[in-house]
$ cat query-v2.json   # JSON, C-alpha atoms
[["chain", "number", "residue", "atom", "x", "y", "z"],
["H", 1, "MET", "CA", -18.20, 18.35, 4.57],
["H", 2, "THR", "CA", -18.92, 15.11, 2.71],
["H", 3, "THR", "CA", -16.30, 13.96, 0.24],
["H", 4, "THR", "CA", -16.81, 12.11, -3.02],
["H", 5, "GLN", "CA", -15.05, 8.78, -3.04],
["H", 6, "GLU", "CA", -13.53, 7.03, -6.01],
["H", 7, "MET", "CA", -13.55, 3.23, -6.04],
["H", 8, "VAL", "CA", -10.39, 1.65, -7.40],
["H", 9, "THR", "CA", -9.49, -2.01, -7.73],
["H", 10, "VAL", "CA", -5.94, -3.25, -7.31],
["H", 11, "GLN", "CA", -4.53, -6.72, -7.76],
["H", 12, "VAL", "CA", -2.53, -8.01, -4.81],
["H", 13, "GLY", "CA", -1.18, -11.37, -5.93],
["H", 14, "PRO", "CA", -4.26, -13.53, -6.54],
["H", 15, "ILE", "CA", -6.53, -11.18, -4.57],
["H", 16, "SER", "CA", -8.54, -8.42, -6.24],
["H", 17, "THR", "CA", -8.98, -5.67, -3.66],
["H", 18, "SER", "CA", -11.51, -2.84, -3.66],
["H", 19, "VAL", "CA", -10.21, 0.46, -2.28],
["H", 20, "GLN", "CA", -12.17, 3.66, -1.66],
["H", 21, "LYS", "CA", -10.12, 6.78, -2.26],
["H", 22, "ALA", "CA", -10.79, 10.45, -1.54],
["H", 23, "GLY", "CA", -9.06, 13.71, -0.73],
["H", 24, "SER", "CA", -5.68, 15.16, -1.59],
["H", 25, "GLY", "CA", -2.33, 15.45, 0.10],
["H", 26, "ASP", "CA", 0.01, 12.91, 1.65],
["H", 27, "PRO", "CA", -1.30, 9.33, 1.69],
["H", 28, "LEU", "CA", -3.21, 7.95, 4.65],
["H", 29, "VAL", "CA", -4.48, 4.37, 4.77],
["H", 30, "TYR", "CA", -7.48, 3.36, 6.88],
["H", 31, "LEU", "CA", -7.72, -0.31, 7.85],
["H", 32, "HIS", "CA", -11.19, -1.14, 9.16],
["H", 33, "GLY", "CA", -12.04, -3.61, 11.89],
["H", 34, "ALA", "CA", -14.64, -6.32, 12.33],
["H", 35, "PHE", "CA", -17.57, -3.99, 13.07],
["H", 36, "GLY", "CA", -19.07, -0.89, 11.49],
["H", 37, "TYR", "CA", -17.02, -1.36, 8.34],
["H", 38, "LYS", "CA", -19.73, -0.60, 5.78],
["H", 39, "GLY", "CA", -19.45, 2.49, 3.65],
["H", 40, "TRP", "CA", -17.24, 5.48, 4.31],
["H", 41, "PRO", "CA", -17.04, 6.50, 7.99],
["H", 42, "SER", "CA", -17.59, 10.22, 8.40],
["H", 43, "PHE", "CA", -14.34, 10.86, 10.28],
["H", 44, "LEU", "CA", -12.54, 10.12, 7.01],
["H", 45, "ASP", "CA", -14.23, 13.17, 5.45],
["H", 46, "THR", "CA", -12.31, 15.38, 7.85],
["H", 47, "LEU", "CA", -9.04, 13.57, 7.23],
["H", 48, "ALA", "CA", -9.59, 13.77, 3.46],
["H", 49, "GLU", "CA", -9.39, 17.55, 3.74],
["H", 50, "GLN", "CA", -5.67, 17.11, 4.51],
["H", 51, "TYR", "CA", -4.74, 13.71, 3.12],
["H", 52, "THR", "CA", -5.39, 11.37, 0.25],
["H", 53, "VAL", "CA", -7.26, 8.66, 2.11],
["H", 54, "TYR", "CA", -7.25, 5.02, 0.98],
["H", 55, "ALA", "CA", -9.75, 2.66, 2.59],
["H", 56, "PRO", "CA", -9.39, -0.95, 1.40],
["H", 57, "LEU", "CA", -12.03, -3.60, 2.04],
["H", 58, "HIS", "CA", -10.53, -6.48, 3.97],
["H", 59, "PRO", "CA", -10.76, -9.85, 2.19],
["H", 60, "GLY", "CA", -13.78, -11.82, 3.36],
["H", 61, "PHE", "CA", -16.00, -8.81, 4.11],
["H", 62, "LEU", "CA", -19.19, -8.13, 2.15],
["H", 63, "ASP", "CA", -18.50, -9.25, -1.41],
["H", 64, "ALA", "CA", -14.70, -9.18, -1.07],
["H", 65, "GLU", "CA", -13.06, -12.45, -1.95],
["H", 66, "GLY", "CA", -9.55, -13.73, -1.28],
["H", 67, "ILE", "CA", -9.65, -14.66, 2.40],
["H", 68, "ASN", "CA", -8.86, -18.28, 1.51],
["H", 69, "GLU", "CA", -5.63, -17.12, -0.11],
["H", 70, "ILE", "CA", -4.30, -15.92, 3.26],
["H", 71, "ASP", "CA", -3.22, -18.72, 5.58],
["H", 72, "ASP", "CA", -2.09, -16.99, 8.77],
["H", 73, "LEU", "CA", -1.25, -13.69, 10.45],
["H", 74, "LEU", "CA", 2.08, -13.37, 8.67],
["H", 75, "GLY", "CA", 0.31, -13.87, 5.36],
["H", 76, "LEU", "CA", -2.19, -11.17, 6.31],
["H", 77, "VAL", "CA", 0.59, -8.72, 7.13],
["H", 78, "LEU", "CA", 2.45, -9.46, 3.91],
["H", 79, "TYR", "CA", -0.78, -9.05, 1.94],
["H", 80, "HIS", "CA", -1.13, -5.54, 3.36],
["H", 81, "GLN", "CA", 2.51, -4.73, 2.65],
["H", 82, "ASP", "CA", 1.93, -5.81, -0.95],
["H", 83, "LEU", "CA", -1.25, -3.72, -1.01],
["H", 84, "LEU", "CA", 0.79, -0.60, -0.20],
["H", 85, "ASP", "CA", 3.12, -1.47, -3.08],
["H", 86, "ALA", "CA", 0.20, -2.08, -5.44],
["H", 87, "LEU", "CA", -1.19, 1.35, -4.56],
["H", 88, "GLY", "CA", 2.22, 2.93, -5.05],
["H", 89, "LEU", "CA", 2.35, 4.31, -1.50],
["H", 90, "ASP", "CA", 5.60, 5.20, 0.23],
["H", 91, "LYS", "CA", 5.47, 5.29, 4.04],
["H", 92, "PRO", "CA", 1.82, 6.28, 4.37],
["H", 93, "ASN", "CA", 0.37, 7.13, 7.75],
["H", 94, "ILE", "CA", -1.96, 4.34, 8.82],
["H", 95, "VAL", "CA", -5.12, 4.53, 10.91],
["H", 96, "GLY", "CA", -6.43, 1.13, 11.97],
["H", 97, "GLN", "CA", -9.42, 0.05, 14.04],
["H", 98, "TYR", "CA", -9.48, -3.19, 16.08],
["H", 99, "SER", "CA", -8.20, -5.95, 13.75],
["H", 100, "GLY", "CA", -7.05, -3.25, 11.33],
["H", 101, "ALA", "CA", -5.06, -1.65, 14.12],
["H", 102, "MET", "CA", -3.45, -4.99, 14.93],
["H", 103, "VAL", "CA", -2.45, -5.39, 11.28],
["H", 104, "ALA", "CA", -0.98, -1.87, 11.20],
["H", 105, "ALA", "CA", 1.08, -2.59, 14.31],
["H", 106, "GLU", "CA", 2.29, -5.92, 12.92],
["H", 107, "MET", "CA", 3.22, -4.25, 9.62],
["H", 108, "SER", "CA", 5.33, -1.70, 11.42],
["H", 109, "ALA", "CA", 6.94, -4.32, 13.66],
["H", 110, "ILE", "CA", 7.99, -6.40, 10.66],
["H", 111, "CYS", "CA", 8.83, -3.60, 8.17],
["H", 112, "THR", "CA", 8.97, -0.35, 10.13],
["H", 113, "HIS", "CA", 10.49, 1.54, 7.18],
["H", 114, "THR", "CA", 7.41, 1.00, 4.98],
["H", 115, "THR", "CA", 4.92, 2.87, 7.18],
["H", 116, "GLY", "CA", 4.60, 6.38, 8.56],
["H", 117, "LYS", "CA", 2.86, 7.35, 11.77],
["H", 118, "LEU", "CA", 0.40, 4.89, 13.28],
["H", 119, "VAL", "CA", -2.98, 5.52, 14.88],
["H", 120, "LEU", "CA", -4.22, 2.33, 16.57],
["H", 121, "ALA", "CA", -7.88, 2.65, 17.56],
["H", 122, "ALA", "CA", -9.14, -0.03, 19.97],
["H", 123, "PRO", "CA", -6.35, -2.36, 18.84],
["H", 124, "ALA", "CA", -6.86, -6.11, 18.90],
["H", 125, "GLY", "CA", -4.00, -8.50, 19.50],
["H", 126, "LEU", "CA", -3.45, -8.36, 23.26],
["H", 127, "TRP", "CA", -4.57, -10.35, 26.27],
["H", 128, "LEU", "CA", -4.87, -9.51, 29.96],
["H", 129, "ASP", "CA", -5.88, -12.38, 32.21],
["H", 130, "ASP", "CA", -7.70, -10.08, 34.62],
["H", 131, "ASN", "CA", -9.27, -7.91, 31.89],
["H", 132, "PRO", "CA", -9.52, -9.77, 28.58],
["H", 133, "GLY", "CA", -12.62, -8.01, 27.29],
["H", 134, "VAL", "CA", -15.88, -9.50, 26.03],
["H", 135, "ASP", "CA", -15.65, -12.37, 23.56],
["H", 136, "TYR", "CA", -17.97, -11.02, 20.88],
["H", 137, "ASN", "CA", -18.00, -14.37, 19.10],
["H", 138, "THR", "CA", -19.96, -15.95, 21.93],
["H", 139, "THR", "CA", -22.41, -13.15, 22.72],
["H", 140, "PRO", "CA", -26.03, -13.25, 21.48],
["H", 141, "HIS", "CA", -26.70, -11.07, 18.47],
["H", 142, "ILE", "CA", -29.39, -9.22, 20.41],
["H", 143, "GLU", "CA", -26.67, -7.80, 22.69],
["H", 144, "SER", "CA", -24.53, -6.46, 19.85],
["H", 145, "ARG", "CA", -25.42, -2.78, 20.16],
["H", 146, "SER", "CA", -24.87, -2.73, 23.92],
["H", 147, "ILE", "CA", -21.43, -4.27, 23.43],
["H", 148, "LEU", "CA", -20.29, -2.11, 20.53],
["H", 149, "PHE", "CA", -21.65, 1.28, 21.58],
["H", 150, "ALA", "CA", -21.59, 3.32, 24.78],
["H", 151, "GLU", "CA", -25.12, 4.46, 23.94],
["H", 152, "PRO", "CA", -26.81, 1.49, 22.23],
["H", 153, "ASP", "CA", -30.01, 3.43, 21.54],
["H", 154, "SER", "CA", -28.25, 6.31, 19.81],
["H", 155, "GLU", "CA", -28.97, 7.19, 16.20],
["H", 156, "ILE", "CA", -25.58, 5.93, 15.00],
["H", 157, "ALA", "CA", -25.94, 2.65, 16.88],
["H", 158, "ARG", "CA", -29.36, 2.06, 15.34],
["H", 159, "SER", "CA", -28.09, 2.93, 11.88],
["H", 160, "VAL", "CA", -25.22, 0.43, 12.12],
["H", 161, "LEU", "CA", -27.40, -2.28, 13.68],
["H", 162, "PRO", "CA", -31.01, -1.34, 13.00],
["H", 163, "ASP", "CA", -33.98, -2.99, 14.65],
["H", 164, "THR", "CA", -35.36, -5.67, 12.38],
["H", 165, "ASP", "CA", -38.99, -5.95, 11.28],
["H", 166, "SER", "CA", -38.79, -9.48, 9.96],
["H", 167, "ASP", "CA", -37.01, -12.77, 10.42],
["H", 168, "GLU", "CA", -35.49, -12.26, 6.99],
["H", 169, "GLU", "CA", -33.83, -8.98, 8.02],
["H", 170, "LEU", "CA", -32.60, -10.53, 11.24],
["H", 171, "GLY", "CA", -31.21, -13.48, 9.30],
["H", 172, "LEU", "CA", -29.29, -11.16, 6.98],
["H", 173, "GLN", "CA", -27.78, -9.34, 9.96],
["H", 174, "ILE", "CA", -26.68, -12.62, 11.51],
["H", 175, "ILE", "CA", -25.19, -13.86, 8.23],
["H", 176, "GLU", "CA", -23.23, -10.63, 7.87],
["H", 177, "ARG", "CA", -22.03, -10.90, 11.47],
["H", 178, "VAL", "CA", -20.85, -14.48, 10.96],
["H", 179, "GLN", "CA", -19.13, -13.53, 7.71],
["H", 180, "SER", "CA", -17.18, -10.66, 9.25],
["H", 181, "LEU", "CA", -16.24, -12.55, 12.40],
["H", 182, "SER", "CA", -15.04, -15.45, 10.27],
["H", 183, "ALA", "CA", -12.84, -13.10, 8.24],
["H", 184, "VAL", "CA", -11.04, -11.77, 11.33],
["H", 185, "GLY", "CA", -11.49, -14.82, 13.54],
["H", 186, "LYS", "CA", -9.07, -16.68, 11.30],
["H", 187, "PHE", "CA", -6.37, -14.42, 12.78],
["H", 188, "LEU", "CA", -7.75, -13.69, 16.27],
["H", 189, "TRP", "CA", -9.44, -16.89, 17.46],
["H", 190, "PRO", "CA", -9.53, -18.44, 20.03],
["H", 191, "ILE", "CA", -7.66, -15.66, 21.84],
["H", 192, "PRO", "CA", -6.34, -12.54, 20.11],
["H", 193, "GLU", "CA", -2.81, -12.74, 21.55],
["H", 194, "LYS", "CA", -0.67, -13.96, 18.66],
["H", 195, "GLY", "CA", 2.65, -12.46, 19.73],
["H", 196, "LEU", "CA", 2.10, -8.75, 19.06],
["H", 197, "ARG", "CA", 3.27, -7.81, 22.53],
["H", 198, "ARG", "CA", 6.60, -9.55, 21.94],
["H", 199, "ARG", "CA", 7.05, -7.87, 18.56],
["H", 200, "ALA", "CA", 5.77, -4.40, 19.46],
["H", 201, "GLY", "CA", 9.19, -3.33, 20.71],
["H", 202, "ARG", "CA", 10.38, -3.40, 17.09],
["H", 203, "ILE", "CA", 7.99, -0.58, 16.16],
["H", 204, "ARG", "CA", 9.98, 2.61, 15.60],
["H", 205, "ASN", "CA", 7.17, 4.71, 14.14],
["H", 206, "GLU", "CA", 5.53, 7.41, 16.18],
["H", 207, "THR", "CA", 2.36, 5.76, 17.43],
["H", 208, "LEU", "CA", -0.89, 7.00, 18.97],
["H", 209, "ILE", "CA", -3.07, 4.40, 20.67],
["H", 210, "VAL", "CA", -6.69, 5.50, 21.06],
["H", 211, "VAL", "CA", -9.03, 3.62, 23.40],
["H", 212, "GLY", "CA", -12.56, 4.10, 24.65],
["H", 213, "ASP", "CA", -13.22, 4.34, 28.37],
["H", 214, "ASN", "CA", -16.31, 2.16, 27.96],
["H", 215, "ASP", "CA", -15.00, -0.31, 25.37],
["H", 216, "LYS", "CA", -16.22, -3.77, 26.34],
["H", 217, "ILE", "CA", -14.22, -5.61, 23.66],
["H", 218, "VAL", "CA", -10.83, -3.88, 24.01],
["H", 219, "PRO", "CA", -10.63, -2.50, 27.55],
["H", 220, "SER", "CA", -8.62, 0.70, 27.85],
["H", 221, "ALA", "CA", -5.97, -1.14, 29.88],
["H", 222, "HIS", "CA", -4.95, -2.88, 26.65],
["H", 223, "GLY", "CA", -3.87, 0.49, 25.28],
["H", 224, "ASP", "CA", -1.57, 1.08, 28.23],
["H", 225, "LEU", "CA", -0.11, -2.40, 27.84],
["H", 226, "LEU", "CA", 0.66, -1.88, 24.16],
["H", 227, "ALA", "CA", 2.10, 1.58, 24.79],
["H", 228, "SER", "CA", 4.47, 0.10, 27.38],
["H", 229, "GLU", "CA", 6.05, -1.96, 24.58],
["H", 230, "ILE", "CA", 6.32, 0.77, 21.92],
["H", 231, "ALA", "CA", 9.04, 3.31, 22.66],
["H", 232, "ASN", "CA", 7.64, 6.29, 20.74],
["H", 233, "SER", "CA", 3.98, 5.98, 21.68],
["H", 234, "SER", "CA", 1.21, 7.69, 23.61],
["H", 235, "VAL", "CA", -2.34, 6.83, 24.66],
["H", 236, "HIS", "CA", -5.48, 8.90, 24.25],
["H", 237, "VAL", "CA", -8.65, 7.87, 26.06],
["H", 238, "MET", "CA", -11.96, 8.79, 24.45],
["H", 239, "LYS", "CA", -14.51, 9.71, 27.09],
["H", 240, "ASP", "CA", -17.99, 8.14, 27.21],
["H", 241, "ALA", "CA", -16.91, 5.96, 24.31],
["H", 242, "GLY", "CA", -17.62, 2.36, 23.40],
["H", 243, "HIS", "CA", -15.77, 0.08, 21.03],
["H", 244, "LEU", "CA", -16.95, 1.93, 17.93],
["H", 245, "PHE", "CA", -16.00, 5.40, 19.13],
["H", 246, "ILE", "CA", -14.79, 6.14, 15.60],
["H", 247, "LEU", "CA", -18.48, 6.16, 14.64],
["H", 248, "GLU", "CA", -19.93, 7.45, 17.93],
["H", 249, "GLN", "CA", -17.63, 10.46, 18.11],
["H", 250, "PRO", "CA", -16.31, 10.99, 14.57],
["H", 251, "GLU", "CA", -15.53, 14.69, 14.95],
["H", 252, "GLU", "CA", -13.56, 14.17, 18.16],
["H", 253, "PHE", "CA", -11.72, 11.16, 16.78],
["H", 254, "ALA", "CA", -10.82, 13.04, 13.60],
["H", 255, "ARG", "CA", -9.53, 15.93, 15.70],
["H", 256, "VAL", "CA", -7.37, 13.60, 17.80],
["H", 257, "VAL", "CA", -5.95, 11.95, 14.68],
["H", 258, "SER", "CA", -5.32, 15.27, 12.90],
["H", 259, "ASP", "CA", -3.58, 16.75, 15.92],
["H", 260, "PHE", "CA", -1.33, 13.72, 16.17],
["H", 261, "LEU", "CA", -0.46, 13.54, 12.49],
["H", 262, "GLY", "CA", 0.24, 17.27, 12.42]]
$ encode --input "query-v2.json" --output "structure tokens"
Amino acid sequence: MTTTQEMVTVQVGPISTSVQKAGSGDPLVYLHGAFGYKGWPSFLDTLAEQYTVYAPLHPGFLDAEGINEIDDLLGLVLYHQDLLDALGLDKPNIVGQYSGAMVAAEMSAICTHTTGKLVLAAPAGLWLDDNPGVDYNTTPHIESRSILFAEPDSEIARSVLPDTDSDEELGLQIIERVQSLSAVGKFLWPIPEKGLRRRAGRIRNETLIVVGDNDKIVPSAHGDLLASEIANSSVHVMKDAGHLFILEQPEEFARVVSDFLG
């Protein structure tokens, strides 16, 4: 079932933020990551059958402005806390992917009473010396699909990163890639470890960490590491899944999230 989304705009300090909204029920916030963020991912249709889903566009992505108003990771977390207030949400469940998952975890670590349950999909913010994951910033654009998807020639992979017929189309893809990586790289570069592991023990919310068994950017071992720091947490491994398993396996991911949220 495809839902109809409403676009709302909220003012968060000096930043005007676009938020897609759909569904009914208790509030659920989806914080997207650095990849596959365009549009309304289909797994949200399933969640919107049970929840009122809010999907804000991170500053610096597409036509969203305001990234220059946020100086550091703490500023990013406080911006998202203020976003919840601007939307009038009280302890919403939060689903985050990659950088969005890192933000959700940091929000809960700093102000655990303002968030509900957490679903952290392929969370950024950790580092393992023997298994750091691929640095997407340094990989050639031509390798993007093979890094982001378990099946790079699948229909969904080609829809997210289509083959280009002209230099102009390729140039637009590269510009969009640079723009999105710049928006999150401000908080993740040069290595994504910014202290989340030390702060994760402050998270009191029930937390589900979802990882892909074939994720080249956030290896599944990162999920186990984060879970070891969060008392009330569990890990679910998506099978035959790359970094963007939320798009590769939307029905399965939605089922996992729904089962966890109850």
$ atom_distance --input "query-v2.json" --atom1 "atom CA of H:Gln20" --atom2 "atom CA of H:Asp90"
17.9 Å
$ closest_residue --input "query-v2.json" --among "H:Val160, H:Ile110, H:Asp153, H:Ile142" --to "H:Gly201" --atoms "only C-alpha atoms"
H:Ile110
$ residues_around --input "query-v2.json" --residues "stretch 22-37 of chain H" --least-positions-apart "3" --cutoff "7 Å" --atoms "only C-alpha atoms" --output "MDAnalysis selection string"
chainID H and resid 3:6 48:56 89 92:101 160 180:181 184
$ atom_distance --input "query-v2.json" --atom1 "atom CA of H:Ile70" --atom2 "atom CA of H:His58"
11.3 Å
$ residues_around --input "query-v2.json" --residues "H:Ile209" --least-positions-apart "2" --cutoff "10 Å" --atoms "all atoms listed in the file" --output "ChimeraX atom specification"
/H:95-96,101,118-123,207,211,220,222-224,226-227,233-237
$ atom_distance --input "query-v2.json" --atom1 "atom CA of H:Ile217" --atom2 "atom CA of H:His243"
6.5 Å
$ residues_around --input "query-v2.json" --residues "stretch 78-82 of chain H" --least-positions-apart "3" --cutoff "9 Å" --atoms "only C-alpha atoms" --output "VMD selection string"
chain H and resid 12 to 13 15 70 73 to 75 85 to 87 103 to 104 107 111 114
$ axis_aligned_box --input "query-v2.json" --around "stretch 136-139 of chain H" --padding-each-side "5 Å" --output "JSON"
{"center_x": -20.2, "center_y": -13.5, "center_z": 20.9, "size_x": 14.4, "size_y": 14.9, "size_z": 13.6}
$ closest_residue --input "query-v2.json" --among "H:Ala157, H:Leu261, H:Ala200, H:Leu172" --to "H:Ile246" --atoms "only C-alpha atoms"
H:Ala157
$ closest_residue --input "query-v2.json" --among "H:Arg177, H:Asp167, H:Ile156, H:Leu188" --to "H:His141" --atoms "only C-alpha atoms"
H:Arg177
$ closest_residue --input "query-v2.json" --among "H:Gly262, H:Pro219, H:Gly195, H:Pro41" --to "H:Asp129" --atoms "all atoms listed in the file"
H:Pro219
$ closest_residue --input "query-v2.json" --among "H:Leu76, H:Val19, H:Leu208, H:Ala64" --to "H:Phe187" --atoms "only C-alpha atoms"
H:Leu76
$ closest_residue --input "query-v2.json" --among "H:Glu169, H:Glu193, H:Asp135, H:Asp72" --to "H:Met102" --atoms "all atoms listed in the file"
H:Glu193
$ decode --input "query-v2.json" --residues "stretch 207-257 of chain H" --atoms "C-alpha atoms" --output "PDB file, in the first residue's frame"
ATOM      1  CA  THR H 207      17.316  -0.177  21.131  1.00  0.00           C
ATOM      2  CA  LEU H 208      17.406  -2.433  18.083  1.00  0.00           C
ATOM      3  CA  ILE H 209      20.552  -2.327  15.961  1.00  0.00           C
ATOM      4  CA  VAL H 210      20.037  -3.645  12.433  1.00  0.00           C
ATOM      5  CA  VAL H 211      23.026  -4.497  10.244  1.00  0.00           C
ATOM      6  CA  GLY H 212      23.535  -6.090   6.857  1.00  0.00           C
ATOM      7  CA  ASP H 213      25.703  -9.173   6.538  1.00  0.00           C
ATOM      8  CA  ASN H 214      27.222  -7.771   3.342  1.00  0.00           C
ATOM      9  CA  ASP H 215      27.486  -4.108   4.328  1.00  0.00           C
ATOM     10  CA  LYS H 216      30.817  -2.798   3.075  1.00  0.00           C
ATOM     11  CA  ILE H 217      30.516   0.610   4.756  1.00  0.00           C
ATOM     12  CA  VAL H 218      29.300  -0.426   8.224  1.00  0.00           C
ATOM     13  CA  PRO H 219      30.442  -4.021   8.786  1.00  0.00           C
ATOM     14  CA  SER H 220      28.084  -6.074  10.930  1.00  0.00           C
ATOM     15  CA  ALA H 221      30.721  -6.243  13.679  1.00  0.00           C
ATOM     16  CA  HIS H 222      30.023  -2.559  14.349  1.00  0.00           C
ATOM     17  CA  GLY H 223      26.513  -3.513  15.430  1.00  0.00           C
ATOM     18  CA  ASP H 224      27.840  -5.956  18.003  1.00  0.00           C
ATOM     19  CA  LEU H 225      30.264  -3.343  19.286  1.00  0.00           C
ATOM     20  CA  LEU H 226      27.538  -0.748  19.752  1.00  0.00           C
ATOM     21  CA  ALA H 227      25.200  -3.269  21.374  1.00  0.00           C
ATOM     22  CA  SER H 228      27.907  -4.131  23.902  1.00  0.00           C
ATOM     23  CA  GLU H 229      27.720  -0.526  25.150  1.00  0.00           C
ATOM     24  CA  ILE H 230      23.910  -0.154  25.290  1.00  0.00           C
ATOM     25  CA  ALA H 231      22.323  -2.070  28.156  1.00  0.00           C
ATOM     26  CA  ASN H 232      18.846  -2.581  26.703  1.00  0.00           C
ATOM     27  CA  SER H 233      19.770  -3.455  23.130  1.00  0.00           C
ATOM     28  CA  SER H 234      19.727  -6.270  20.603  1.00  0.00           C
ATOM     29  CA  VAL H 235      21.147  -6.873  17.129  1.00  0.00           C
ATOM     30  CA  HIS H 236      19.359  -8.136  14.049  1.00  0.00           C
ATOM     31  CA  VAL H 237      21.381  -9.188  11.013  1.00  0.00           C
ATOM     32  CA  MET H 238      19.742  -8.821   7.614  1.00  0.00           C
ATOM     33  CA  LYS H 239      20.756 -11.671   5.335  1.00  0.00           C
ATOM     34  CA  ASP H 240      22.143 -11.104   1.829  1.00  0.00           C
ATOM     35  CA  ALA H 241      21.992  -7.395   2.563  1.00  0.00           C
ATOM     36  CA  GLY H 242      24.236  -4.496   1.650  1.00  0.00           C
ATOM     37  CA  HIS H 243      24.480  -1.057   3.192  1.00  0.00           C
ATOM     38  CA  LEU H 244      21.124   0.071   1.815  1.00  0.00           C
ATOM     39  CA  PHE H 245      19.155  -2.947   2.997  1.00  0.00           C
ATOM     40  CA  ILE H 246      16.331  -0.569   3.919  1.00  0.00           C
ATOM     41  CA  LEU H 247      15.810  -0.182   0.156  1.00  0.00           C
ATOM     42  CA  GLU H 248      16.914  -3.666  -0.942  1.00  0.00           C
ATOM     43  CA  GLN H 249      14.622  -5.479   1.471  1.00  0.00           C
ATOM     44  CA  PRO H 250      11.951  -2.949   2.494  1.00  0.00           C
ATOM     45  CA  GLU H 251       9.284  -5.492   3.444  1.00  0.00           C
ATOM     46  CA  GLU H 252      11.657  -7.469   5.668  1.00  0.00           C
ATOM     47  CA  PHE H 253      13.088  -4.348   7.257  1.00  0.00           C
ATOM     48  CA  ALA H 254       9.596  -2.980   7.943  1.00  0.00           C
ATOM     49  CA  ARG H 255       8.636  -6.304   9.527  1.00  0.00           C
ATOM     50  CA  VAL H 256      11.704  -6.267  11.776  1.00  0.00           C
ATOM     51  CA  VAL H 257      10.995  -2.690  12.852  1.00  0.00           C
TER      52      VAL H 257
END
